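**Q** File upload_26.pdb below, PDB, C-alpha atoms:
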```pdb
ATOM      1  CA  MET M   1      -5.451  16.324  -1.560
ATOM      2  CA  GLU M   2      -2.597  15.746   0.905
ATOM      3  CA  ASN M   3      -2.295  12.602   3.027
ATOM      4  CA  ASN M   4       0.645  12.075   5.380
ATOM      5  CA  PHE M   5       1.460   8.719   7.003
ATOM      6  CA  TYR M   6       4.174   8.367   9.650
ATOM      7  CA  LEU M   7       5.174   4.813  10.642
ATOM      8  CA  ILE M   8       7.501   4.097  13.561
ATOM      9  CA  GLY M   9       8.830   1.046  15.379
ATOM     10  CA  VAL M  10      12.026  -0.970  15.608
ATOM     11  CA  GLY M  11      13.975  -3.171  13.248
ATOM     12  CA  GLY M  12      12.324  -6.468  12.413
ATOM     13  CA  GLN M  13       8.737  -5.216  12.690
ATOM     14  CA  GLY M  14       8.326  -4.470   8.984
ATOM     15  CA  VAL M  15       8.103  -0.682   9.333
ATOM     16  CA  ILE M  16       9.909  -0.032   6.043
ATOM     17  CA  SER M  17       8.063  -2.686   4.038
ATOM     18  CA  LEU M  18       4.747  -1.309   5.323
ATOM     19  CA  GLY M  19       5.763   2.142   4.122
ATOM     20  CA  GLN M  20       6.794   0.726   0.756
ATOM     21  CA  ILE M  21       3.384  -0.901   0.284
ATOM     22  CA  LEU M  22       1.645   2.405   1.026
ATOM     23  CA  ALA M  23       3.950   4.270  -1.357
ATOM     24  CA  ASP M  24       3.330   1.714  -4.116
ATOM     25  CA  TYR M  25      -0.400   2.008  -3.480
ATOM     26  CA  ALA M  26      -0.232   5.750  -4.056
ATOM     27  CA  LEU M  27       1.562   5.188  -7.363
ATOM     28  CA  GLU M  28      -1.088   2.683  -8.432
ATOM     29  CA  GLU M  29      -3.704   5.317  -7.642
ATOM     30  CA  GLY M  30      -1.862   7.791  -9.856
ATOM     31  CA  GLU M  31      -0.978  10.014  -6.916
ATOM     32  CA  ARG M  32       2.198  11.982  -6.441
ATOM     33  CA  VAL M  33       4.112  10.283  -3.609
ATOM     34  CA  LYS M  34       7.157  10.981  -1.472
ATOM     35  CA  PHE M  35       8.682   8.124   0.515
ATOM     36  CA  PHE M  36      11.300   8.595   3.218
ATOM     37  CA  LYS M  37      12.803   5.793   5.287
ATOM     38  CA  GLU M  38      15.291   5.747   8.115
ATOM     39  CA  VAL M  39      16.691   2.449   9.266
ATOM     40  CA  GLY M  40      19.935   3.250  11.100
ATOM     41  CA  MET M  41      20.698   0.243  13.296
ATOM     42  CA  ALA M  42      17.244  -1.183  12.598
ATOM     43  CA  GLN M  43      18.545  -4.613  11.633
ATOM     44  CA  ARG M  44      19.793  -4.948  15.214
ATOM     45  CA  GLY M  45      16.490  -3.933  16.750
ATOM     46  CA  GLY M  46      17.153  -0.213  16.736
ATOM     47  CA  PRO M  47      14.630   2.515  15.845
ATOM     48  CA  ALA M  48      13.117   2.510  12.370
ATOM     49  CA  HIS M  49      10.599   4.775  10.727
ATOM     50  CA  SER M  50       9.183   5.662   7.343
ATOM     51  CA  GLU M  51       7.147   8.564   6.042
ATOM     52  CA  VAL M  52       4.730   8.348   3.129
ATOM     53  CA  ARG M  53       3.297  11.555   1.682
ATOM     54  CA  MET M  54       0.547  11.305  -0.920
ATOM     55  CA  GLY M  55      -0.945  14.031  -3.093
ATOM     56  CA  GLU M  56       0.169  17.612  -3.650
ATOM     57  CA  VAL M  57       3.124  17.528  -1.259
ATOM     58  CA  PHE M  58       6.577  19.060  -1.423
ATOM     59  CA  GLY M  59       9.492  17.397   0.305
ATOM     60  CA  SER M  60       9.740  13.872   1.676
ATOM     61  CA  ARG M  61       9.600  14.804   5.377
ATOM     62  CA  ILE M  62       6.354  15.401   7.240
ATOM     63  CA  PRO M  63       6.312  18.826   8.941
ATOM     64  CA  PRO M  64       5.297  19.188  12.606
ATOM     65  CA  LEU M  65       1.554  18.884  13.289
ATOM     66  CA  SER M  66       0.946  17.497   9.788
ATOM     67  CA  ALA M  67       0.745  13.691  10.114
ATOM     68  CA  ASP M  68      -2.819  12.608   9.259
ATOM     69  CA  LEU M  69      -2.165   9.066  10.467
ATOM     70  CA  VAL M  70       0.613   7.801  12.741
ATOM     71  CA  VAL M  71       1.251   4.075  13.091
ATOM     72  CA  VAL M  72       3.091   3.206  16.300
ATOM     73  CA  MET M  73       4.421  -0.332  16.013
ATOM     74  CA  GLU M  74       6.408  -0.170  19.289
ATOM     75  CA  LEU M  75       4.820   1.892  22.050
ATOM     76  CA  ALA M  76       7.769   3.802  23.528
ATOM     77  CA  GLU M  77       9.057   4.725  20.072
ATOM     78  CA  GLY M  78       5.689   6.308  19.376
ATOM     79  CA  LEU M  79       6.392   9.114  21.836
ATOM     80  CA  LYS M  80       8.829  10.540  19.275
ATOM     81  CA  THR M  81       5.875  11.408  17.051
ATOM     82  CA  LEU M  82       3.953  13.628  19.479
ATOM     83  CA  GLU M  83       5.014  16.827  17.735
ATOM     84  CA  LEU M  84       4.180  15.434  14.301
ATOM     85  CA  VAL M  85       0.579  14.260  14.643
ATOM     86  CA  LYS M  86      -2.028  16.684  13.336
ATOM     87  CA  PRO M  87      -4.668  17.780  15.882
ATOM     88  CA  GLY M  88      -7.601  15.491  15.150
ATOM     89  CA  GLY M  89      -5.291  13.046  13.366
ATOM     90  CA  MET M  90      -5.446   9.303  13.978
ATOM     91  CA  VAL M  91      -2.800   7.364  15.918
ATOM     92  CA  ILE M  92      -2.792   3.569  15.704
ATOM     93  CA  LEU M  93      -1.131   2.181  18.826
ATOM     94  CA  ASN M  94       0.128  -1.381  18.594
ATOM     95  CA  LYS M  95       0.396  -2.971  22.037
ATOM     96  CA  LYS M  96       4.000  -4.016  21.481
ATOM     97  CA  LYS M  97       6.727  -3.370  24.035
ATOM     98  CA  ILE M  98      10.334  -4.050  23.121
ATOM     99  CA  TYR M  99      12.537  -3.089  26.039
ATOM    100  CA  PRO M 100      15.871  -1.436  25.228
ATOM    101  CA  LEU M 101      18.894  -2.838  27.046
ATOM    102  CA  ASP M 102      18.894  -0.161  29.748
ATOM    103  CA  LEU M 103      15.275  -0.957  30.654
ATOM    104  CA  MET M 104      15.516  -4.752  30.686
ATOM    105  CA  VAL M 105      16.617  -4.661  34.314
ATOM    106  CA  HIS M 106      14.153  -1.883  35.175
ATOM    107  CA  PRO M 107      11.014  -2.622  33.103
ATOM    108  CA  GLU M 108       8.959  -0.538  35.535
ATOM    109  CA  LYS M 109      10.503   2.558  33.947
ATOM    110  CA  TYR M 110       8.941   1.751  30.580
ATOM    111  CA  PRO M 111       6.084   4.230  29.864
ATOM    112  CA  LYS M 112       2.676   2.881  30.878
ATOM    113  CA  GLU M 113      -0.073   2.581  28.271
ATOM    114  CA  GLU M 114      -2.252   5.113  30.063
ATOM    115  CA  GLU M 115       0.627   7.614  30.136
ATOM    116  CA  ILE M 116       1.205   7.202  26.423
ATOM    117  CA  ALA M 117      -2.513   7.566  25.712
ATOM    118  CA  TYR M 118      -2.699  10.716  27.841
ATOM    119  CA  LEU M 119       0.144  12.398  25.963
ATOM    120  CA  PHE M 120      -1.386  11.669  22.563
ATOM    121  CA  GLU M 121      -4.808  12.807  23.703
ATOM    122  CA  GLU M 122      -3.264  16.024  24.995
ATOM    123  CA  ALA M 123      -1.839  16.496  21.490
ATOM    124  CA  GLY M 124      -5.400  16.256  20.129
ATOM    125  CA  ALA M 125      -5.022  12.836  18.534
ATOM    126  CA  ARG M 126      -7.710  10.187  18.107
ATOM    127  CA  LEU M 127      -6.472   6.793  19.291
ATOM    128  CA  PHE M 128      -6.962   3.281  17.974
ATOM    129  CA  TRP M 129      -5.495   0.444  20.065
ATOM    130  CA  ILE M 130      -4.717  -3.006  18.687
ATOM    131  CA  ASP M 131      -2.537  -5.996  19.571
ATOM    132  CA  ALA M 132      -1.263  -6.784  16.084
ATOM    133  CA  GLY M 133       1.255  -9.305  17.383
ATOM    134  CA  GLU M 134      -1.435 -11.441  18.992
ATOM    135  CA  ILE M 135      -3.512 -11.392  15.809
ATOM    136  CA  ALA M 136      -0.498 -12.275  13.647
ATOM    137  CA  ASN M 137       0.177 -15.267  15.910
ATOM    138  CA  GLU M 138      -3.453 -16.344  15.649
ATOM    139  CA  VAL M 139      -3.269 -16.499  11.837
ATOM    140  CA  GLY M 140      -0.031 -18.491  12.080
ATOM    141  CA  LEU M 141       2.339 -15.826  10.778
ATOM    142  CA  PRO M 142       4.033 -13.924  13.649
ATOM    143  CA  LEU M 143       5.946 -11.703  11.209
ATOM    144  CA  ALA M 144       2.688 -10.313   9.809
ATOM    145  CA  GLU M 145       2.160  -7.655  12.494
ATOM    146  CA  ASN M 146       2.674  -4.987   9.844
ATOM    147  CA  ILE M 147       0.098  -6.623   7.570
ATOM    148  CA  VAL M 148      -2.495  -6.639  10.361
ATOM    149  CA  LEU M 149      -1.790  -2.923  10.724
ATOM    150  CA  LEU M 150      -2.073  -2.472   6.955
ATOM    151  CA  GLY M 151      -5.643  -3.744   7.224
ATOM    152  CA  VAL M 152      -6.371  -1.206   9.961
ATOM    153  CA  ILE M 153      -4.786   1.616   7.938
ATOM    154  CA  THR M 154      -6.750   0.673   4.835
ATOM    155  CA  TYR M 155     -10.056   1.000   6.655
ATOM    156  CA  LEU M 156      -9.273   4.057   8.756
ATOM    157  CA  ALA M 157      -7.734   5.994   5.852
ATOM    158  CA  SER M 158     -10.433   4.867   3.378
ATOM    159  CA  LEU M 159      -7.882   3.400   0.959
ATOM    160  CA  ASP M 160      -9.047   1.239  -1.944
ATOM    161  CA  LYS M 161      -9.014  -2.286  -0.505
ATOM    162  CA  GLU M 162      -8.642  -4.128  -3.818
ATOM    163  CA  ILE M 163      -5.692  -2.010  -4.925
ATOM    164  CA  ILE M 164      -3.993  -2.409  -1.542
ATOM    165  CA  LEU M 165      -4.385  -6.195  -1.722
ATOM    166  CA  ALA M 166      -2.943  -6.291  -5.243
ATOM    167  CA  VAL M 167       0.060  -4.234  -4.109
ATOM    168  CA  LEU M 168       0.463  -6.449  -1.041
ATOM    169  CA  LYS M 169       0.651  -9.577  -3.181
ATOM    170  CA  LYS M 170       3.339  -7.973  -5.369
ATOM    171  CA  ASN M 171       5.430  -6.888  -2.396
ATOM    172  CA  ILE M 172       5.002 -10.041  -0.291
ATOM    173  CA  PRO M 173       4.477 -13.009  -2.654
ATOM    174  CA  TYR M 174       5.089 -15.653   0.043
ATOM    175  CA  GLU M 175       2.600 -17.007   2.623
ATOM    176  CA  VAL M 176      -0.095 -15.211   0.621
ATOM    177  CA  GLU M 177      -3.090 -16.822   2.337
ATOM    178  CA  LYS M 178      -1.800 -16.081   5.839
ATOM    179  CA  ASN M 179      -0.925 -12.503   4.886
ATOM    180  CA  MET M 180      -4.407 -12.052   3.445
ATOM    181  CA  ALA M 181      -5.880 -13.441   6.679
ATOM    182  CA  ALA M 182      -3.766 -11.032   8.739
ATOM    183  CA  PHE M 183      -4.904  -8.105   6.585
ATOM    184  CA  ASP M 184      -8.527  -9.156   6.793
ATOM    185  CA  ARG M 185      -8.437  -9.435  10.582
ATOM    186  CA  GLY M 186      -6.988  -5.949  10.928
ATOM    187  CA  TYR M 187      -9.493  -4.493   8.484
ATOM    188  CA  LYS M 188     -12.477  -6.087  10.218
ATOM    189  CA  ILE M 189     -11.324  -5.057  13.698
ATOM    190  CA  ALA M 190     -11.073  -1.444  12.518
ATOM    191  CA  GLU M 191     -14.471  -1.652  10.836
ATOM    192  CA  GLU M 192     -16.131  -3.122  13.937
ATOM    193  CA  ASN M 193     -14.387  -0.705  16.288
ATOM    194  CA  ILE M 194     -15.494   2.384  14.366
ATOM    195  CA  ALA M 195     -19.037   1.025  13.991
ATOM    196  CA  GLU M 196     -19.199   0.461  17.761
ATOM    197  CA  LYS M 197     -17.987   4.003  18.472
ATOM    198  CA  GLU M 198     -20.511   5.489  16.084
ATOM    199  CA  LYS M 199     -23.264   3.436  17.707
ATOM    200  CA  GLY M 200     -22.233   4.676  21.131
ATOM    201  CA  GLU M 201     -22.250   8.294  19.962
ATOM    202  CA  ALA M 202     -25.699   8.004  18.343
TER     203      ALA M 202
END
```
Let me see the file written as structure tokens.

**A**
Amino acid sequence: MENNFYLIGVGGQGVISLGQILADYALEEGERVKFFKEVGMAQRGGPAHSEVRMGEVFGSRIPPLSADLVVVMELAEGLKTLELVKPGGMVILNKKKIYPLDLMVHPEKYPKEEEIAYLFEEAGARLFWIDAGEIANEVGLPLAENIVLLGVITYLASLDKEIILAVLKKNIPYEVEKNMAAFDRGYKIAEENIAEKEKGEA
């Protein structure tokens, strides 16, 4: 079975480390895995993305209309993935806006949330909104935005929670309790959100 994850954001958000955790998870599960990362000027706040392909896949890059799950860590950057998301695929939208230099003086030109949502919905994607930064701050670890999102991914993609947590501890052995709390919050928010949707559709 093929499972394609596309993660995008900017440098400093943990896009690459999140991809590495997912790739290591696949290996622990005994799956074939391809991991591609692109950092460029990421250390200076530039674009960053990673692609994780699990299962019977060929090549490290995700073809157009083939991403099962897209994780948008910075909203405007997410628009680059519109041609990649599979119709019916899931897009996790983190409510994070990092204005590039040319927009700092004209923030009104930054795409509005409803515009971004419309474009993804037109592409046939299912959307999941979350403010991972706020949650990371609440657990006392602002850098754990990506770990909050890992919790969401784990639930939405039906990954093995215990294996993911074991891999997380290996990859991020510091501030373990706070990272676990960040993961747990993301996981529970996803669980509650999906349960609420299913209840509303019943």

**Q** Give me the residues within 8 Å of M:Pro142 as a PyMOL selection string, counting all atoms listed in the file and dropping any in the same chain fewer than 4 places off.

**A** chain M and resi 133+136-137

**Q** Using all atoms listed in the file, which residues sit within 9 Å of M:Asp184 once same-chain residues fewer than 3 positions away are excluded, as a list of chain:residue names?

**A**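 The filter keeps M:Val148, M:Gly151, M:Val152, M:Asn179, M:Met180, M:Ala181, M:Tyr187, M:Lys188, M:Ile189.
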
**Q** Quick check on the file I pasted: which residues fall under the PyMOL selection byres ((chain M and resi 150) around 12)? Write them as a VMD selection string.

**A** chain M and resid 5 7 14 to 15 17 to 22 25 71 73 92 94 132 136 144 to 149 151 to 161 164 to 165 167 to 168 179 to 190

**Q** Smallest atom-to-atom distance to M:Val52: which of M:Leu82, M:Ile16, M:Val10, M:Ile172, using all atoms listed in the file?

**A**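 Once distances to M:Val52 are computed over all atoms listed in the file, the minimum belongs to M:Ile16.
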
**Q** Any idea what's packed within 9 Å of M:Glu56, counting all atoms listed in the file, ignoring anything in its chain fewer than 2 positions away? Could you give it as a list of chain:residue names?

**A**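 Here the qualifying residues turn out to be M:Met1, M:Glu2, M:Asn3, M:Glu31, M:Arg32, M:Val33, M:Arg53, M:Met54, M:Phe58.
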
**Q** So, counting only C-alpha atoms, which residue among M:Gly11, M:Gly140, M:Pro47, M:Gly88 is closest to M:Glu121?

**A**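 Once distances to M:Glu121 are computed over only C-alpha atoms, the minimum belongs to M:Gly88.
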
**Q** What is the distance, in Å and to one decimal place, between atom CA of M:Phe36 and atom CA of M:Glu51?

**A** 5.0 Å

**Q** Which protein, DNA or RNA residues have an atom at most 9 Å from (-6.3, 15.4, 7.8), counting all atoms listed in the file? List them as a compact mmCIF listing (two decimals) with C-alpha atoms, in the frame of the given file.

**A**
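In the end it all went to part33.txt:
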```txt
# COMPACT_ATOMS: atom_id res chain seq x y z
CA GLU M 2 -2.60 15.75 0.90
CA ASN M 3 -2.30 12.60 3.03
CA ASN M 4 0.64 12.08 5.38
CA SER M 66 0.95 17.50 9.79
CA ALA M 67 0.74 13.69 10.11
CA ASP M 68 -2.82 12.61 9.26
CA LEU M 69 -2.16 9.07 10.47
CA LYS M 86 -2.03 16.68 13.34
CA PRO M 87 -4.67 17.78 15.88
CA GLY M 88 -7.60 15.49 15.15
CA GLY M 89 -5.29 13.05 13.37
CA MET M 90 -5.45 9.30 13.98
```

**Q** Evaluate the PyMOL selection byres ((chain M and resi 80) around 12) on the structure here and hand back the selected residues as a VMD selection string.

**A** chain M and resid 6 to 9 47 to 49 64 70 to 72 74 to 79 81 to 85 116 119 to 120

**Q** One decimal, Å: what's the distance from atom CA of M:Lys170 over to atom CA of M:Gly46, could you say?

**A**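 Separating atom CA of M:Lys170 from atom CA of M:Gly46 is a distance of 27.2 Å.
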
**Q** So how many Å separate atom CA of M:Lys95 and atom CA of M:Ala125, to one decimal?

**A**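 Separating atom CA of M:Lys95 from atom CA of M:Ala125 is a distance of 17.1 Å.
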
**Q** Which of these residues is nearest to M:Glu175, using all atoms listed in the file: M:Asp131, M:Leu143, M:Glu38, M:Glu122?

**A**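 Among M:Asp131, M:Leu143, M:Glu38, M:Glu122, it is M:Leu143 that comes nearest to M:Glu175.
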
**Q** How about completing stretch 143-164 of chain M with N, CA and C atoms and giving it to me as a PDB file, in the frame of the given file?

**A**
```pdb
ATOM      1  N   LEU M 143       5.290 -12.841  11.857  1.00  0.00           N
ATOM      2  CA  LEU M 143       5.946 -11.703  11.209  1.00  0.00           C
ATOM      3  C   LEU M 143       4.962 -10.764  10.517  1.00  0.00           C
ATOM      4  N   ALA M 144       3.678 -11.098  10.553  1.00  0.00           N
ATOM      5  CA  ALA M 144       2.688 -10.313   9.809  1.00  0.00           C
ATOM      6  C   ALA M 144       2.031  -9.209  10.632  1.00  0.00           C
ATOM      7  N   GLU M 145       2.691  -8.773  11.712  1.00  0.00           N
ATOM      8  CA  GLU M 145       2.160  -7.655  12.494  1.00  0.00           C
ATOM      9  C   GLU M 145       1.876  -6.451  11.598  1.00  0.00           C
ATOM     10  N   ASN M 146       2.838  -6.160  10.713  1.00  0.00           N
ATOM     11  CA  ASN M 146       2.674  -4.987   9.844  1.00  0.00           C
ATOM     12  C   ASN M 146       1.510  -5.154   8.873  1.00  0.00           C
ATOM     13  N   ILE M 147       1.201  -6.391   8.506  1.00  0.00           N
ATOM     14  CA  ILE M 147       0.098  -6.623   7.570  1.00  0.00           C
ATOM     15  C   ILE M 147      -1.247  -6.482   8.288  1.00  0.00           C
ATOM     16  N   VAL M 148      -1.300  -6.895   9.548  1.00  0.00           N
ATOM     17  CA  VAL M 148      -2.495  -6.639  10.361  1.00  0.00           C
ATOM     18  C   VAL M 148      -2.741  -5.129  10.406  1.00  0.00           C
ATOM     19  N   LEU M 149      -1.684  -4.378  10.652  1.00  0.00           N
ATOM     20  CA  LEU M 149      -1.790  -2.923  10.724  1.00  0.00           C
ATOM     21  C   LEU M 149      -2.149  -2.314   9.372  1.00  0.00           C
ATOM     22  N   LEU M 150      -1.695  -2.943   8.289  1.00  0.00           N
ATOM     23  CA  LEU M 150      -2.073  -2.472   6.955  1.00  0.00           C
ATOM     24  C   LEU M 150      -3.588  -2.549   6.774  1.00  0.00           C
ATOM     25  N   GLY M 151      -4.187  -3.621   7.294  1.00  0.00           N
ATOM     26  CA  GLY M 151      -5.643  -3.744   7.224  1.00  0.00           C
ATOM     27  C   GLY M 151      -6.335  -2.624   7.979  1.00  0.00           C
ATOM     28  N   VAL M 152      -5.808  -2.300   9.161  1.00  0.00           N
ATOM     29  CA  VAL M 152      -6.371  -1.206   9.961  1.00  0.00           C
ATOM     30  C   VAL M 152      -6.232   0.120   9.211  1.00  0.00           C
ATOM     31  N   ILE M 153      -5.043   0.374   8.682  1.00  0.00           N
ATOM     32  CA  ILE M 153      -4.786   1.616   7.938  1.00  0.00           C
ATOM     33  C   ILE M 153      -5.738   1.744   6.761  1.00  0.00           C
ATOM     34  N   THR M 154      -5.906   0.654   6.036  1.00  0.00           N
ATOM     35  CA  THR M 154      -6.750   0.673   4.835  1.00  0.00           C
ATOM     36  C   THR M 154      -8.165   1.121   5.162  1.00  0.00           C
ATOM     37  N   TYR M 155      -8.695   0.606   6.269  1.00  0.00           N
ATOM     38  CA  TYR M 155     -10.056   1.000   6.655  1.00  0.00           C
ATOM     39  C   TYR M 155     -10.097   2.424   7.181  1.00  0.00           C
ATOM     40  N   LEU M 156      -9.220   2.748   8.112  1.00  0.00           N
ATOM     41  CA  LEU M 156      -9.273   4.057   8.756  1.00  0.00           C
ATOM     42  C   LEU M 156      -8.970   5.198   7.793  1.00  0.00           C
ATOM     43  N   ALA M 157      -8.104   4.948   6.804  1.00  0.00           N
ATOM     44  CA  ALA M 157      -7.734   5.994   5.852  1.00  0.00           C
ATOM     45  C   ALA M 157      -8.567   5.938   4.577  1.00  0.00           C
ATOM     46  N   SER M 158      -9.536   5.023   4.539  1.00  0.00           N
ATOM     47  CA  SER M 158     -10.433   4.867   3.378  1.00  0.00           C
ATOM     48  C   SER M 158      -9.657   4.643   2.082  1.00  0.00           C
ATOM     49  N   LEU M 159      -8.640   3.762   2.155  1.00  0.00           N
ATOM     50  CA  LEU M 159      -7.882   3.400   0.959  1.00  0.00           C
ATOM     51  C   LEU M 159      -8.655   2.337   0.184  1.00  0.00           C
ATOM     52  N   ASP M 160      -8.374   2.225  -1.102  1.00  0.00           N
ATOM     53  CA  ASP M 160      -9.047   1.239  -1.944  1.00  0.00           C
ATOM     54  C   ASP M 160      -8.532  -0.157  -1.583  1.00  0.00           C
ATOM     55  N   LYS M 161      -9.409  -0.974  -1.022  1.00  0.00           N
ATOM     56  CA  LYS M 161      -9.014  -2.286  -0.505  1.00  0.00           C
ATOM     57  C   LYS M 161      -8.461  -3.199  -1.597  1.00  0.00           C
ATOM     58  N   GLU M 162      -9.086  -3.227  -2.753  1.00  0.00           N
ATOM     59  CA  GLU M 162      -8.642  -4.128  -3.818  1.00  0.00           C
ATOM     60  C   GLU M 162      -7.266  -3.751  -4.337  1.00  0.00           C
ATOM     61  N   ILE M 163      -7.013  -2.454  -4.455  1.00  0.00           N
ATOM     62  CA  ILE M 163      -5.692  -2.010  -4.925  1.00  0.00           C
ATOM     63  C   ILE M 163      -4.620  -2.331  -3.888  1.00  0.00           C
ATOM     64  N   ILE M 164      -4.944  -2.084  -2.619  1.00  0.00           N
ATOM     65  CA  ILE M 164      -3.993  -2.409  -1.542  1.00  0.00           C
ATOM     66  C   ILE M 164      -3.640  -3.892  -1.560  1.00  0.00           C
TER      67      ILE M 164
END
```
